[in-house]
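*Asks:* Attaching a single structure in C-alpha cells format; questions to follow.
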Number of protein chains: 2
Amino acid sequence: MTSSSGHPAHRMLREYVASVLAKDLEAFIALYDRDVFVFDAWDVMWSEGIDAWRSMTNDWFTSLGAERVVVEFEDERSGLSASLAYASAIVRFTAVSSSGEALRSLQNRMTVVLELRGNAWKVVHQHTSSPIDFDTKKAILQAR
Amino acid sequence: MTSSSGHPAHRMLREYVASVLAKDLEAFIALYDRDVFVFDAWDVMWSEGIDAWRSMTNDWFTSLGAERVVVEFEDERSGLSASLAYASAIVRFTAVSSSGEALRSLQNRMTVVLELRGNAWKVVHQHTSSPIDFDTKKAILQAR
C-alpha cells in the first residue's frame, strides 16, 4: 500500500468524486478503459465498452437537472501491484439542490479494478451494487 | 493473461465451483484471506474477516438440506500482475435436488480480488450482487 496521493485507485476515487460533482462527462469518462466491463447498480446485468458507459453516465448526469451529487467513500480497502490496482469502498451518493440543500441519499458498495495502459491507469472493471433483502428481494439502500 | 490453469483467479473460480458443489466448508474457506472484505449479494452491506465469512457460508450450506448448488461462470474477465489478480464474471447458481433435478436458478455478478500471501493466492475481496430495477427497487435475478 502506498500513500493516498500515489495510489492509482485512490486517485481514481478522488477524480470520480470531482467529476461527478462537476457533472463533467469527459473528465469522468477519461478515468475508464475503452473496454471497461461494468456491473452497475441499476437495471442491467452488465455493460461493456466506453460507448455504453458514456451513454449511461450521460443519462445519469442529464437526469439530475439543477441538482448535483456529492459522493463520499468510506471503509476503503485497496491493493497495488506492478500493473494492477483495486479499491473497494462503501459509497454514499447525496443529491443536493442548487442552493446546497441535501435532498436524499443512498449507500452502495463499489469495487474498481485498474490496469496500467501505457503511462495511464484506467478502470477496466467497476462493480457497484446494493445488497438485497432476502425476504422481500428489495434493495437495501442504507446500512442497517 | 495466462492460461486458465495458471491464472490464480481462474483457479479460484474452479475451486469455488467444486467446494460449493461438495458443500465443503473447509475447502471453500481456504480460498479466502483471514481479513477478507466481502460485499455479499444478500442482507448485509459488508462483512470483514474469515470468521464472519465462515459463518455466512456455513449458514448457506446448511440451509440447502439435501439440495446441492451448481455454480457456472460466464463472460469472465480477468487480470494478473505480480502479487494481485482479479476476475469478474456472471455467475449462475442452480439448486438441484438429491436426484439431480434442477429446482431453481438465479444469476449474479461476481468480482474477486486475490493477493499473493507467501506462496498462496488468497481472495482479499469478493463482491457479489444483483442489479436493481430502478422503478421497483427489486433485484433483477435473471438477465433480460
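So you can find residues: chains in the C-alpha cells are A, B, ... in the order shown, residues in each start at 1, and ligands are numbered from 1 in order.
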At a cut-off of 10 Å, using only C-alpha atoms, what residues contact Met56 in chain A? Leave out same-chain residues fewer than 5 positions from it and give the result as a PyMOL selection string.

*Replies:* chain A and resi 40+47+50-51+61-62

*Asks:* For the selection you just gave me, I'd like the residues written to a file as a compact mmCIF listing (two decimals), in the first residue's frame, keeping C-alpha atoms.

*Replies:*
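And here is the file that came out, result-v7.txt:
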# COMPACT_ATOMS: atom_id res chain seq x y z
CA ASP A 40 -23.74 -1.21 -12.45
CA SER A 47 -22.28 -3.50 -19.88
CA ILE A 50 -16.68 3.01 -23.18
CA ASP A 51 -19.53 3.98 -25.53
CA PHE A 61 -25.84 13.48 -15.28
CA THR A 62 -28.66 14.74 -17.52

*Asks:* Find the nearest atom pair between each residue of chain A and chain B for residues within 6 Å, count only C-alpha atoms, give distances in Å to one decimal, sort rows by chain and ascending number, and present the table as CSV.

*Replies:*
residue,atom,partner,partner_atom,distance
A:Ala41,CA,B:Pro131,CA,5.0
A:Trp42,CA,B:Ile132,CA,4.8
A:Asp43,CA,B:Asp133,CA,4.8
A:Met45,CA,B:Ala143,CA,5.9
A:Ser81,CA,B:Ser83,CA,5.8
A:Ser83,CA,B:Ser81,CA,5.8
A:Leu84,CA,B:Ser81,CA,5.8
A:Pro131,CA,B:Ala41,CA,5.0
A:Ile132,CA,B:Trp42,CA,4.8
A:Asp133,CA,B:Asp43,CA,4.8
A:Phe134,CA,B:Trp42,CA,6.0
A:Lys137,CA,B:Lys138,CA,5.6
A:Lys138,CA,B:Lys138,CA,4.3
A:Ala139,CA,B:Lys137,CA,5.7
A:Ala143,CA,B:Met45,CA,5.9

*Asks:* Give the strand (DSSP E or B) residues of chain A, as DSSP finds them on the backbone, and put them as a PyMOL selection string.

*Replies:* chain A and resi 32-39+42+47-48+68-80+84-96+102-117+120-129+132+138-139

*Asks:* If we count only C-alpha atoms and set the cut-off at 6 Å, which residues sit around Phe93 in chain A, ignoring sequence neighbours fewer than 3 positions away in its own chain? Please answer as a ChimeraX atom specification.

*Replies:* /A:70-71,105-106

*Asks:* For Glu72 in chain B, which residue among B:Val96, B:Val36, B:Ala102, B:Val91 is the nearest when counting only C-alpha atoms?

*Replies:*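 Checking each candidate against Glu72 in chain B, we get B:Val91 as the closest.
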